[in-house]
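S.K.: So here's run_20.txt (compact mmCIF, C-alpha atoms).
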# COMPACT_ATOMS: atom_id res chain seq x y z
CA MET A 1102 -26.29 30.90 22.04
CA TYR A 1103 -26.61 30.70 18.27
CA GLY A 1104 -24.98 33.99 17.27
CA THR A 1105 -26.17 36.33 14.55
CA PRO A 1106 -25.02 36.69 10.93
CA ASP A 1107 -23.65 40.18 11.48
CA LYS A 1108 -21.10 38.88 13.97
CA PHE A 1109 -20.78 35.33 12.61
CA PRO A 1110 -21.17 35.57 8.83
CA TYR A 1111 -20.12 32.06 7.78
CA VAL A 1112 -22.04 28.81 7.89
CA CYS A 1113 -19.96 25.98 9.26
CA THR A 1114 -20.61 22.27 8.92
CA SER A 1115 -18.71 19.33 10.34
CA TYR A 1116 -17.97 15.90 9.00
CA ARG A 1117 -15.62 12.95 9.21
CA LEU A 1118 -12.76 11.68 7.07
CA THR A 1119 -12.20 8.17 5.77
CA GLU A 1120 -8.66 8.27 7.19
CA HIS A 1121 -9.59 8.85 10.83
CA TYR A 1122 -11.97 7.40 13.37
CA HIS A 1123 -13.44 9.77 15.95
CA TYR A 1124 -10.59 11.14 18.12
CA TRP A 1125 -8.74 7.86 18.58
CA THR A 1126 -6.64 7.54 15.48
CA LYS A 1127 -4.53 10.61 16.24
CA ASN A 1128 -2.51 8.13 18.28
CA ASN A 1129 -1.86 5.78 15.37
CA PRO A 1130 1.15 6.76 13.24
CA ALA A 1131 -0.45 5.21 10.14
CA ASN A 1132 -3.48 7.48 10.26
CA VAL A 1133 -1.51 10.52 11.39
CA GLN A 1134 0.73 10.06 8.37
CA LEU A 1135 -2.25 10.11 6.01
CA VAL A 1136 -3.86 13.26 7.45
CA PRO A 1137 -1.56 14.88 9.99
CA GLU A 1138 -3.22 18.14 11.01
CA PRO A 1139 -6.59 19.74 11.67
CA PHE A 1140 -7.78 21.76 8.69
CA ILE A 1141 -10.62 24.01 7.67
CA GLU A 1142 -12.01 23.73 4.18
CA ILE A 1143 -13.01 26.97 2.52
CA SER A 1144 -14.11 27.82 -1.00
CA GLU A 1145 -11.88 29.52 -3.53
CA ASP A 1146 -14.26 32.51 -3.60
CA MET A 1147 -13.99 32.98 0.14
CA ALA A 1148 -10.21 32.57 0.05
CA LYS A 1149 -10.03 35.32 -2.55
CA ALA A 1150 -12.45 37.60 -0.69
CA ARG A 1151 -10.61 37.19 2.60
CA GLY A 1152 -7.07 36.96 1.26
CA ILE A 1153 -6.55 33.48 2.68
CA ALA A 1154 -4.09 31.08 1.07
CA GLY A 1155 -3.97 27.32 1.47
CA GLY A 1156 -1.99 26.41 4.59
CA ASP A 1157 -2.68 29.69 6.45
CA LYS A 1158 -3.48 29.24 10.12
CA LEU A 1159 -7.07 30.10 10.89
CA LYS A 1160 -9.10 30.64 14.03
CA VAL A 1161 -12.76 29.78 13.71
CA SER A 1162 -15.03 31.08 16.45
CA SER A 1163 -18.71 30.77 17.16
CA ALA A 1164 -20.78 32.25 19.95
CA ARG A 1165 -19.70 29.28 22.04
CA GLY A 1166 -16.03 28.60 21.43
CA SER A 1167 -13.06 28.62 19.08
CA TYR A 1168 -11.05 26.17 17.01
CA TYR A 1169 -7.69 26.32 15.22
CA GLY A 1170 -6.58 24.75 11.98
CA LYS A 1171 -4.96 25.36 8.63
CA ALA A 1172 -6.91 26.55 5.60
CA MET A 1173 -7.59 24.11 2.79
CA VAL A 1174 -8.77 26.05 -0.23
CA THR A 1175 -10.92 23.81 -2.38
CA LYS A 1176 -13.18 23.85 -5.40
CA ARG A 1177 -15.45 21.32 -3.70
CA ILE A 1178 -17.11 23.91 -1.47
CA LYS A 1179 -19.04 26.64 -3.29
CA ALA A 1180 -20.71 29.83 -2.13
CA LEU A 1181 -24.45 29.49 -1.43
CA THR A 1182 -27.20 32.00 -2.02
CA ILE A 1183 -29.40 32.11 1.08
CA ASN A 1184 -32.32 34.57 1.20
CA GLY A 1185 -30.73 36.49 -1.65
CA ASN A 1186 -27.44 36.84 0.20
CA LYS A 1187 -24.18 35.22 -0.83
CA VAL A 1188 -23.06 33.02 2.06
CA PHE A 1189 -19.77 31.18 2.28
CA PRO A 1190 -20.01 27.77 3.88
CA ILE A 1191 -16.93 26.26 5.50
CA GLY A 1192 -16.29 22.65 6.45
CA ILE A 1193 -14.27 21.19 9.30
CA PRO A 1194 -13.54 17.50 9.95
CA ILE A 1195 -14.17 16.61 13.58
CA HIS A 1196 -11.18 14.37 14.22
CA TRP A 1197 -8.85 16.68 16.13
CA ALA A 1198 -9.18 17.39 19.81
CA TYR A 1199 -7.30 16.42 22.95
CA ARG A 1200 -3.83 14.98 22.50
CA GLY A 1201 -2.30 12.73 19.89
CA ILE A 1202 1.11 11.97 18.44
CA ARG A 1203 1.43 15.30 16.69
CA GLU A 1204 -0.10 17.31 19.51
CA ASP A 1205 2.30 15.82 22.04
CA LYS A 1206 5.21 16.80 19.87
CA LEU A 1207 3.91 20.33 19.34
CA LEU A 1208 3.09 20.83 23.00
CA ALA A 1209 6.77 20.55 23.78
CA GLU A 1210 7.51 23.37 21.32
CA ASP A 1211 4.60 25.77 21.44
CA ARG A 1212 1.54 25.67 23.62
CA ASN A 1213 -0.27 28.37 21.71
CA ASN A 1214 -1.70 27.91 18.26
CA ILE A 1215 -2.44 24.28 18.84
CA ASN A 1216 -5.88 22.89 18.78
CA LEU A 1217 -6.80 20.74 21.77
CA ARG A 1218 -10.53 21.47 21.76
CA PRO A 1219 -13.05 19.38 19.89
CA LEU A 1220 -14.89 21.01 17.03
CA ASN A 1221 -18.16 20.47 18.82
CA THR A 1222 -17.27 23.23 21.28
CA LEU A 1223 -18.35 25.42 18.35
CA SER A 1224 -21.63 23.69 17.61
CA PRO A 1225 -24.85 24.59 19.42
CA VAL A 1226 -26.63 22.44 21.94
CA ALA A 1227 -29.66 22.03 19.75
CA ILE A 1228 -31.35 18.73 20.40
CA ASP A 1229 -34.36 17.03 18.96
CA PRO A 1230 -36.83 16.97 21.87
CA ASN A 1231 -38.07 13.50 21.06
CA ALA A 1232 -35.02 11.56 19.88
CA TYR A 1233 -32.41 13.69 21.69
CA THR A 1234 -30.36 13.66 18.49
CA PRO A 1235 -28.05 16.68 18.48
CA GLU A 1236 -28.10 19.07 15.57
CA PHE A 1237 -24.41 19.76 15.08
CA LYS A 1238 -24.30 20.07 11.33
CA GLY A 1239 -24.99 23.71 10.66
CA PHE A 1240 -24.08 26.76 12.74
CA LEU A 1241 -22.73 30.28 12.37
CA VAL A 1242 -19.07 31.15 12.83
CA LYS A 1243 -16.51 33.83 12.09
CA VAL A 1244 -13.10 33.16 10.61
CA GLU A 1245 -9.91 35.03 11.43
CA LYS A 1246 -6.30 34.47 10.54
CA ALA A 1247 -4.47 33.18 13.60
CA MET B 560 -6.40 -17.01 -7.64
CA PRO B 561 -3.06 -16.47 -9.28
CA ASN B 562 -0.53 -19.16 -9.68
CA GLU B 563 2.58 -20.08 -7.83
CA ASN B 564 4.39 -19.48 -11.05
CA LEU B 565 7.17 -16.95 -10.95
CA THR B 566 8.92 -18.24 -14.06
CA VAL B 567 11.39 -15.71 -15.36
CA LYS B 568 10.50 -14.21 -18.73
CA ALA B 569 13.15 -11.52 -19.15
CA ILE B 570 16.20 -10.31 -17.20
CA SER B 571 17.85 -6.92 -17.49
CA GLY B 572 21.34 -6.77 -19.00
CA HIS B 573 21.56 -10.55 -19.15
CA PRO B 574 23.78 -12.07 -21.83
CA GLY B 575 22.53 -15.18 -23.56
CA ALA B 576 19.58 -17.40 -22.88
CA LEU B 577 17.69 -17.41 -19.61
CA GLY B 578 18.48 -21.06 -19.00
CA SER B 579 16.14 -23.89 -18.32
CA GLY B 580 13.70 -24.05 -15.46
CA ALA B 581 10.48 -23.32 -17.25
CA ALA B 582 7.63 -24.34 -15.03
CA PRO B 583 5.65 -27.32 -16.24
CA GLU B 584 2.25 -25.82 -15.42
CA ALA B 585 0.44 -23.50 -17.76
CA SER B 586 1.22 -19.89 -16.93
CA TYR B 587 -1.14 -16.97 -17.15
CA GLU B 588 -0.76 -13.29 -16.70
CA VAL B 589 -1.89 -11.60 -13.51
CA CYS B 590 -3.47 -8.18 -13.38
CA LYS B 591 -4.59 -5.59 -10.85
CA LEU B 592 -7.72 -3.69 -11.78
CA ILE B 593 -8.16 -0.23 -10.27
CA ASP B 594 -11.68 1.11 -10.62
CA THR B 595 -11.11 4.84 -10.05
CA THR B 596 -14.87 5.37 -10.12
CA THR B 597 -15.38 3.55 -6.81
CA CYS B 598 -12.24 4.72 -5.02
CA ILE B 599 -13.10 6.84 -1.97
CA GLY B 600 -9.53 8.01 -1.34
CA CYS B 601 -9.23 6.39 2.08
CA LYS B 602 -5.57 5.46 1.43
CA ALA B 603 -5.85 2.12 3.20
CA CYS B 604 -3.80 0.72 0.31
CA GLU B 605 -0.97 3.14 1.12
CA VAL B 606 -0.83 1.88 4.70
CA ALA B 607 -1.11 -1.77 3.66
CA CYS B 608 1.72 -1.30 1.18
CA LEU B 609 4.02 0.14 3.85
CA GLU B 610 3.10 -2.52 6.37
CA TRP B 611 3.55 -5.49 4.06
CA ASN B 612 6.81 -4.21 2.60
CA GLY B 613 8.18 -3.27 6.02
CA TYR B 614 8.60 0.47 5.64
CA GLU B 615 8.04 2.87 8.50
CA PHE B 616 5.32 5.44 8.77
CA ARG B 617 6.59 8.93 8.38
CA GLU B 618 5.78 12.43 9.54
CA THR B 619 3.92 14.43 6.95
CA THR B 620 2.78 18.04 6.89
CA PHE B 621 -0.43 19.63 5.76
CA ASP B 622 -0.16 20.68 2.11
CA ASN B 623 -3.59 22.07 1.18
CA THR B 624 -4.69 18.69 -0.19
CA TYR B 625 -5.97 15.29 0.87
CA GLN B 626 -2.96 13.68 -0.79
CA THR B 627 -0.51 12.20 1.71
CA MET B 628 2.63 13.53 0.03
CA PRO B 629 3.50 15.40 -3.16
CA ASP B 630 5.13 12.34 -4.72
CA THR B 631 6.00 8.68 -4.22
CA GLU B 632 9.35 7.82 -2.69
CA TRP B 633 11.73 4.84 -2.69
CA ASN B 634 10.04 3.56 0.46
CA TYR B 635 6.52 4.78 -0.42
CA TRP B 636 5.49 2.94 -3.56
CA ASN B 637 1.80 3.60 -3.66
CA LEU B 638 0.16 7.03 -3.53
CA ILE B 639 -3.40 8.13 -4.14
CA ARG B 640 -3.19 11.26 -6.25
CA PHE B 641 -6.05 13.71 -5.79
CA SER B 642 -7.11 16.31 -8.32
CA GLU B 643 -10.09 18.63 -8.51
CA HIS B 644 -11.02 18.78 -12.16
CA GLU B 645 -13.54 21.29 -13.53
CA ASN B 646 -15.43 19.70 -16.37
CA SER B 647 -16.43 21.62 -19.48
CA ASP B 648 -20.11 21.55 -18.40
CA GLY B 649 -19.27 23.38 -15.15
CA THR B 650 -19.46 20.36 -12.87
CA LEU B 651 -16.58 19.28 -10.70
CA SER B 652 -14.87 15.90 -10.58
CA TRP B 653 -12.78 15.02 -7.56
CA LEU B 654 -10.48 12.47 -9.11
CA MET B 655 -8.49 9.97 -7.07
CA ARG B 656 -5.97 7.77 -8.79
CA LYS B 657 -3.89 5.10 -7.14
CA ASP B 658 -0.42 5.66 -8.54
CA GLN B 659 2.13 2.85 -8.53
CA CYS B 660 4.13 0.70 -10.95
CA MET B 661 2.01 -0.34 -13.94
CA HIS B 662 3.98 -3.56 -14.63
CA CYS B 663 4.15 -3.01 -18.39
CA ALA B 664 4.29 -5.98 -20.73
CA ASP B 665 7.09 -4.11 -22.50
CA PRO B 666 8.87 -2.51 -19.52
CA GLY B 667 11.04 0.51 -20.29
CA CYS B 668 12.96 0.05 -17.02
CA LEU B 669 14.04 -3.47 -17.95
CA GLU B 670 14.89 -2.32 -21.45
CA ALA B 671 17.15 0.44 -20.13
CA CYS B 672 18.77 -1.48 -17.25
CA PRO B 673 22.39 -2.54 -17.84
CA ALA B 674 22.82 -4.56 -14.63
CA ASP B 675 22.44 -8.33 -15.02
CA GLY B 676 19.54 -9.51 -12.93
CA ALA B 677 18.58 -6.17 -11.37
CA ILE B 678 15.20 -6.14 -13.11
CA VAL B 679 13.29 -9.32 -13.79
CA GLN B 680 10.05 -9.82 -15.64
CA TYR B 681 8.11 -12.91 -14.73
CA GLU B 682 5.92 -14.90 -17.07
CA ASN B 683 2.89 -13.76 -15.07
CA GLY B 684 3.67 -10.15 -16.01
CA ILE B 685 5.19 -8.85 -12.76
CA VAL B 686 8.24 -6.66 -13.26
CA ASP B 687 10.39 -6.90 -10.15
CA PHE B 688 13.54 -5.08 -9.02
CA ASN B 689 16.27 -7.15 -7.34
CA GLU B 690 18.06 -4.49 -5.35
CA GLU B 691 21.08 -6.71 -4.59
CA HIS B 692 22.00 -6.54 -8.28
CA CYS B 693 21.15 -2.85 -8.74
CA ILE B 694 24.12 -0.62 -9.57
CA GLY B 695 22.25 2.64 -8.94
CA CYS B 696 22.70 4.06 -12.45
CA GLN B 697 19.02 5.13 -12.62
CA TYR B 698 18.67 4.30 -16.31
CA CYS B 699 15.38 2.65 -15.34
CA VAL B 700 14.12 6.09 -14.28
CA THR B 701 14.88 7.34 -17.78
CA GLY B 702 13.24 4.31 -19.34
CA CYS B 703 9.98 4.43 -17.37
CA PRO B 704 7.13 6.28 -19.12
CA PHE B 705 5.19 6.49 -15.84
CA ASN B 706 8.02 7.99 -13.72
CA ILE B 707 7.88 5.23 -11.11
CA PRO B 708 11.37 4.03 -10.01
CA ARG B 709 12.80 5.94 -7.05
CA LEU B 710 16.41 6.00 -5.83
CA ASN B 711 17.28 5.45 -2.20
CA PRO B 712 19.98 8.11 -1.85
CA SER B 713 21.76 6.37 1.04
CA THR B 714 22.09 2.89 -0.50
CA LYS B 715 22.06 4.08 -4.14
CA LYS B 716 19.55 1.38 -5.06
CA VAL B 717 16.32 1.90 -6.93
CA PHE B 718 12.99 0.67 -5.59
CA LYS B 719 9.42 0.40 -6.79
CA CYS B 720 6.19 -1.55 -6.34
CA SER B 721 6.68 -5.28 -6.81
CA LEU B 722 2.96 -6.04 -7.24
CA CYS B 723 3.67 -8.02 -4.04
CA SER B 724 5.42 -10.72 -6.06
CA ASP B 725 6.13 -12.47 -2.74
CA ARG B 726 2.40 -12.65 -1.97
CA VAL B 727 1.39 -13.47 -5.53
CA GLY B 728 3.98 -16.23 -5.63
CA ALA B 729 2.28 -17.75 -2.60
CA GLY B 730 -1.17 -17.49 -4.15
CA LEU B 731 -2.28 -14.31 -2.37
CA GLU B 732 -3.48 -11.01 -3.77
CA PRO B 733 -1.27 -7.90 -3.38
CA ALA B 734 -1.50 -6.14 0.01
CA CYS B 735 -3.25 -3.07 -1.44
CA VAL B 736 -6.00 -5.21 -2.96
CA LYS B 737 -6.44 -7.05 0.32
CA SER B 738 -6.92 -3.78 2.22
CA CYS B 739 -9.34 -2.01 -0.13
CA PRO B 740 -12.65 -1.45 1.70
CA THR B 741 -14.77 -0.51 -1.31
CA GLY B 742 -13.68 -3.29 -3.63
CA CYS B 743 -12.37 -0.82 -6.16
CA LEU B 744 -9.24 -2.96 -6.40
CA HIS B 745 -9.46 -6.37 -8.01
CA PHE B 746 -6.82 -8.96 -8.70
CA GLY B 747 -6.83 -11.95 -11.02
CA SER B 748 -5.82 -13.04 -14.47
CA LYS B 749 -5.37 -10.37 -17.09
CA GLU B 750 -8.18 -11.88 -19.12
CA ASP B 751 -10.64 -11.82 -16.21
CA MET B 752 -9.68 -8.31 -15.16
CA LYS B 753 -10.07 -7.00 -18.71
CA PHE B 754 -13.51 -8.57 -18.79
CA GLU B 755 -14.48 -7.03 -15.44
CA ALA B 756 -13.08 -3.65 -16.47
CA GLU B 757 -14.98 -3.61 -19.75
CA LYS B 758 -18.14 -4.66 -17.95
CA ARG B 759 -17.79 -1.79 -15.50
CA ALA B 760 -16.96 0.69 -18.29
CA THR B 761 -20.08 -0.38 -20.19
CA GLN B 762 -22.16 0.11 -17.06
CA LEU B 763 -20.67 3.58 -16.58
CA ARG B 764 -21.35 4.54 -20.18
CA LYS B 765 -24.98 3.49 -19.69
CA ASN B 766 -25.14 5.61 -16.54
CA GLY B 767 -24.10 8.85 -18.20
CA PHE B 768 -20.31 8.68 -18.28
CA GLU B 769 -20.11 8.63 -22.06
CA HIS B 770 -16.34 8.59 -22.18
CA ALA B 771 -15.82 5.90 -19.55
CA GLY B 772 -13.29 3.31 -20.56
CA VAL B 773 -10.41 1.05 -19.66
CA TYR B 774 -6.81 2.24 -19.47
CA ASP B 775 -4.50 -0.49 -20.72
CA PRO B 776 -2.05 1.44 -22.92
CA ALA B 777 -0.87 -0.35 -26.03
CA GLY B 778 2.27 1.80 -26.28
CA VAL B 779 3.96 -0.31 -23.61
CA GLY B 780 2.39 -3.57 -24.78
CA GLY B 781 -0.46 -3.31 -22.27
CA THR B 782 0.02 -3.17 -18.51
CA HIS B 783 -0.61 -5.57 -15.65
CA VAL B 784 -2.23 -2.78 -13.67
CA ILE B 785 -5.26 -1.41 -15.48
CA TYR B 786 -7.66 1.41 -14.67
CA VAL B 787 -11.34 2.00 -15.22
CA LEU B 788 -11.64 5.76 -15.80
CA HIS B 789 -14.74 7.97 -15.96
CA ASP B 790 -13.09 9.68 -18.91
CA ALA B 791 -10.70 7.42 -20.78
CA ASP B 792 -10.36 10.04 -23.53
CA ASP B 793 -8.39 12.33 -21.24
CA PRO B 794 -6.31 10.29 -18.77
CA GLU B 795 -3.98 13.29 -18.24
CA LYS B 796 -6.50 14.89 -15.89
CA TYR B 797 -5.97 12.01 -13.45
CA SER B 798 -2.87 13.76 -12.07
CA GLY B 799 -0.91 13.25 -15.26
CA LEU B 800 -1.64 9.67 -16.28
CA PRO B 801 0.08 9.60 -19.70
CA ALA B 802 -2.33 9.30 -22.63
CA ASN B 803 0.08 7.37 -24.85
CA PRO B 804 2.97 6.04 -22.78
CA THR B 805 5.88 4.57 -24.72
CA VAL B 806 9.41 3.57 -23.89
CA PRO B 807 11.54 6.66 -24.77
CA ILE B 808 12.91 6.44 -28.30
CA MET B 809 16.42 7.27 -27.08
CA VAL B 810 16.38 4.25 -24.75
CA ARG B 811 15.35 2.02 -27.65
CA PHE B 812 17.99 3.56 -29.94
CA TRP B 813 20.71 3.33 -27.35
CA LYS B 814 19.97 -0.26 -26.32
CA HIS B 815 19.63 -1.60 -29.87
CA PRO B 816 21.21 0.18 -32.90
CA LEU B 817 23.67 2.25 -30.85
CA LYS B 818 24.80 -0.75 -28.84
CA TRP B 819 25.31 -2.69 -32.04
CA LEU B 820 27.11 0.23 -33.69
CA GLY B 821 29.27 0.59 -30.59
CA ASN B 822 30.28 -3.05 -30.75
CA VAL B 823 31.09 -2.74 -34.43
CA ALA B 824 33.11 0.42 -33.75
CA MET B 825 35.03 -1.36 -31.01
CA LEU B 826 35.81 -4.34 -33.25
CA LEU B 827 36.86 -1.99 -36.05
CA GLY B 828 39.12 -0.21 -33.60
CA VAL B 829 40.80 -3.45 -32.54
CA ALA B 830 41.13 -4.47 -36.18
CA GLY B 831 42.62 -1.05 -36.99
CA VAL B 832 45.21 -1.35 -34.25
CA MET B 833 46.18 -4.83 -35.43
CA THR B 834 46.45 -3.70 -39.05
CA HIS B 835 48.61 -0.78 -37.95
CA TYR B 836 50.88 -3.15 -36.03
CA LEU B 837 51.22 -5.51 -38.99
CA ARG B 838 51.91 -2.63 -41.39
CA PHE B 839 54.22 -0.46 -39.28
CA GLY B 840 55.43 -2.79 -36.57
CA PRO B 841 55.99 -1.83 -32.92
CA LYS B 842 56.76 1.75 -31.94
CA GLU B 843 60.51 2.41 -32.00
CA VAL B 844 61.96 4.72 -29.35
CA ASP B 845 64.08 7.24 -31.24
CA ALA B 846 67.36 8.62 -29.92
CA LYS B 847 65.97 12.03 -28.93
CA GLU B 848 63.23 10.59 -26.81
CA ALA B 849 65.57 8.04 -25.24
CA LYS B 850 67.84 10.84 -23.98
CA ARG B 851 65.06 12.43 -22.03
Output the file's structure in the form of structure tokens.

M.R.:
Amino acid sequence: MYGTPDKFPYVCTSYRLTEHYHYWTKNNPANVQLVPEPFIEISEDMAKARGIAGGDKLKVSSARGSYYGKAMVTKRIKALTINGNKVFPIGIPIHWAYRGIREDKLLAEDRNNINLRPLNTLSPVAIDPNAYTPEFKGFLVKVEKA
Amino acid sequence: MPNENLTVKAISGHPGALGSGAAPEASYEVCKLIDTTTCIGCKACEVACLEWNGYEFRETTFDNTYQTMPDTEWNYWNLIRFSEHENSDGTLSWLMRKDQCMHCADPGCLEACPADGAIVQYENGIVDFNEEHCIGCQYCVTGCPFNIPRLNPSTKKVFKCSLCSDRVGAGLEPACVKSCPTGCLHFGSKEDMKFEAEKRATQLRKNGFEHAGVYDPAGVGGTHVIYVLHDADDPEKYSGLPANPTVPIMVRFWKHPLKWLGNVAMLLGVAGVMTHYLRFGPKEVDAKEAKR
């Protein structure tokens, strides 16, 4: 259920943006204008190592599911050293899933390559046994060009 | 809160005096303070600007950045510009700067504009474009040291941020200030905003931002939109905020000495023609030419 680093070498985390609220605001043209598409933030090191340029379409998969988005190459995410190994973390905002203004438009053109699944299809069902708080913030994934 | 005083201070291309109509009440200058150190880049101000000014939302595309669009447009006056700046000590600053008209005390656009009444500067410091008088020559674009005015290609009129002069005239703050969730935008008199800005800069300097300071460039006589920057020594790193903005020297030359020289040259020309007439009389049509 969690995957292993040999198959899923990257550490993924998820977060929110100031411009969107959960999955609702994909239906508000104001918010869609500010941040129109799902994206995947990767470090410059990783972009260089994998030959990924900003704007490339990526498919991120875990042992549980897959997610599509465009690459955002940024200086804000840096490689980590974990147990003596260099590990590239990636970051994905959660706000895209299901249908919104942009998705409806794209669906008419091309059903493939469009992300309709929530990011949390990738994250593990790891839950605090007492508080039942899910642990969605760190999990292993692989990244391919889509 | 600001006054209901939109008394005209200067008008572009206007011959003669501005006429009477000075408001009886004491006027003071308004100012918008942008504290870049507390901006979170949520772009609520961009949306508020569009909504108040009645422009439509548009379709954008992903461009490897958090910035909405590469540049401002005639119907998009306010843009948060994002830049990832690597500091000399190896740390990273993610800088967000709200870019819009700075409402200079000495506005290059007004200086350059030849159309009577197209650009108006109010006593409270707001520089406003009146599109009904705009002739679309775009000299204001040349005159602006901040590269702000934008041409609407279909109507051939130039637009820019009005500092919500309609709201300010009714005693309200600009729409962007109203929408800001972190309170990084402030609005009030220039004096108060300068005080607040200096206070914040002092606090930042105490907290380890040694170069923190206030951006109120003297080259354009000060502005009615001022910034608090983490590093006031290098404003260029905030997506190209000019360090020493001035009205281009050619605009100054062309609107003052050259204009004067041109008038003199024209008068001399008229005088020359008259002298020639008095000396040589009217042109006679000679026989050869008459035949043809």

S.K.: Determine, using all atoms listed in the file, which residues of segment 1109-1138 of chain A have any atom at most 10 Å from an atom of segment 1154-1165 of chain A, and tabulate each with its shortest atom pair and distance in Å to one decimal place, rows ordered by chain and then rising number, as CSV.

M.R.:
residue,atom,partner,partner_atom,distance
A:Phe1109,CA,A:Ser1163,CA,6.8
A:Pro1110,CA,A:Ser1163,CA,9.9
A:Tyr1111,CA,A:Ser1163,CA,9.6
A:Cys1113,CA,A:Val1161,CA,9.3

S.K.: Using all atoms listed in the file, find each residue in chain A having at least one atom no more than 8 Å away from chain B; report its shortest atom-to-atom pair and that distance in Å (one decimal), rows by chain then rising number, as JSON lines.

M.R.:
{"residue": "A:Thr1119", "atom": "CA", "partner": "B:Cys601", "partner_atom": "CA", "distance": 5.1}
{"residue": "A:Glu1120", "atom": "CA", "partner": "B:Cys601", "partner_atom": "CA", "distance": 5.5}
{"residue": "A:Pro1130", "atom": "CA", "partner": "B:Phe616", "partner_atom": "CA", "distance": 6.3}
{"residue": "A:Ala1131", "atom": "CA", "partner": "B:Phe616", "partner_atom": "CA", "distance": 5.9}
{"residue": "A:Val1133", "atom": "CA", "partner": "B:Glu618", "partner_atom": "CA", "distance": 7.8}
{"residue": "A:Gln1134", "atom": "CA", "partner": "B:Thr619", "partner_atom": "CA", "distance": 5.6}
{"residue": "A:Leu1135", "atom": "CA", "partner": "B:Thr627", "partner_atom": "CA", "distance": 5.1}
{"residue": "A:Val1136", "atom": "CA", "partner": "B:Thr627", "partner_atom": "CA", "distance": 6.7}
{"residue": "A:Pro1137", "atom": "CA", "partner": "B:Thr620", "partner_atom": "CA", "distance": 6.2}
{"residue": "A:Glu1138", "atom": "CA", "partner": "B:Phe621", "partner_atom": "CA", "distance": 6.1}
{"residue": "A:Gly1155", "atom": "CA", "partner": "B:Asn623", "partner_atom": "CA", "distance": 5.3}
{"residue": "A:Gly1156", "atom": "CA", "partner": "B:Asn623", "partner_atom": "CA", "distance": 5.7}
{"residue": "A:Lys1171", "atom": "CA", "partner": "B:Phe621", "partner_atom": "CA", "distance": 7.8}
{"residue": "A:Ala1172", "atom": "CA", "partner": "B:Asn623", "partner_atom": "CA", "distance": 7.1}
{"residue": "A:Met1173", "atom": "CA", "partner": "B:Asn623", "partner_atom": "CA", "distance": 4.8}
{"residue": "A:Val1174", "atom": "CA", "partner": "B:Asn623", "partner_atom": "CA", "distance": 6.7}
{"residue": "A:Lys1176", "atom": "CA", "partner": "B:Glu643", "partner_atom": "CA", "distance": 6.8}
{"residue": "A:Arg1177", "atom": "CA", "partner": "B:Leu651", "partner_atom": "CA", "distance": 7.4}

S.K.: So which residues touch Val787 of chain B within 7 Å, counting only C-alpha atoms, skipping near sequence neighbours fewer than 3 positions away, as a PyMOL selection string?

M.R.: chain B and resi 593-595+756+760+772-774

S.K.: Can you spit out the residues from that selection as a PDB file, in the frame of the given file, using C-alpha atoms?

M.R.:
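So out16.pdb came out as:
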ATOM      1  CA  ILE B 593      -8.160  -0.230 -10.270  1.00  0.00           C
ATOM      2  CA  ASP B 594     -11.680   1.110 -10.620  1.00  0.00           C
ATOM      3  CA  THR B 595     -11.110   4.840 -10.050  1.00  0.00           C
ATOM      4  CA  ALA B 756     -13.080  -3.650 -16.470  1.00  0.00           C
ATOM      5  CA  ALA B 760     -16.960   0.690 -18.290  1.00  0.00           C
ATOM      6  CA  GLY B 772     -13.290   3.310 -20.560  1.00  0.00           C
ATOM      7  CA  VAL B 773     -10.410   1.050 -19.660  1.00  0.00           C
ATOM      8  CA  TYR B 774      -6.810   2.240 -19.470  1.00  0.00           C
TER       9      TYR B 774
END

S.K.: Atom CA of Cys693 of chain B and atom CA of Tyr587 of chain B are how many Å apart?

M.R.: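 Spanning atom CA of Cys693 of chain B to atom CA of Tyr587 of chain B is a straight-line distance of 27.7 Å.
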
S.K.: Can you measure atom CA of Ser1167 of chain A to atom CA of Leu1220 of chain A for me? One decimal in Å is fine.

M.R.: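 The value is 8.1 Å.
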
S.K.: Quick one: residues within 8 Å of Tyr1199 of chain A, all atoms listed in the file counted, chain neighbours fewer than 2 positions away excluded, as number ranges by chain?

M.R.: A: 1124, 1197, 1201, 1216-1219

S.K.: Would you mind telling me which residue in B:Cys739, B:Thr596, B:Gln680, B:Asn766 lies nearest to Ala569 of chain B when using only C-alpha atoms?

M.R.: B:Gln680

S.K.: Tell me, in Å to one decimal, how far atom CA of Ile639 of chain B is from atom CA of Thr1175 of chain A.

M.R.: 17.5 Å

S.K.: Please determine, counting only C-alpha atoms, which residue among B:Leu826, B:Val567, B:Leu722, B:Leu820 has the shortest atom-to-atom distance to Val736 of chain B.

M.R.: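 Ranked by minimum distance to Val736 of chain B, first place goes to B:Leu722.
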
S.K.: Each residue of segment 611-669 of chain B with at least one atom at most 6 Å from segment 695-709 of chain B should appear once, together with its nearest atom pair and the corresponding distance in Å (one decimal); atoms considered: all atoms listed in the file; ordering: chain, then increasing residue number; output as CSV.

M.R.:
residue,atom,partner,partner_atom,distance
B:Glu632,CA,B:Arg709,CA,5.9
B:Trp633,CA,B:Arg709,CA,4.6
B:Cys660,CA,B:Ile707,CA,5.9
B:Gly667,CA,B:Gly702,CA,4.5
B:Cys668,CA,B:Cys699,CA,3.9

S.K.: With distances taken over all atoms listed in the file, which residue among A:Asn1221, A:Asn1129, A:Ser1144, A:Asn1186 lies nearest Tyr1116 of chain A?

M.R.: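 Of A:Asn1221, A:Asn1129, A:Ser1144, A:Asn1186, the one nearest Tyr1116 of chain A is A:Asn1221, counting all atoms listed in the file.
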
S.K.: Could you pull the residues within 8 Å of Ala802 of chain B, counting only C-alpha atoms, minus those fewer than 4 positions along the same chain, as a list in words?

M.R.: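 These residues fall inside the cut-off: Pro776, Asp793, Pro794 and Glu795 of chain B.
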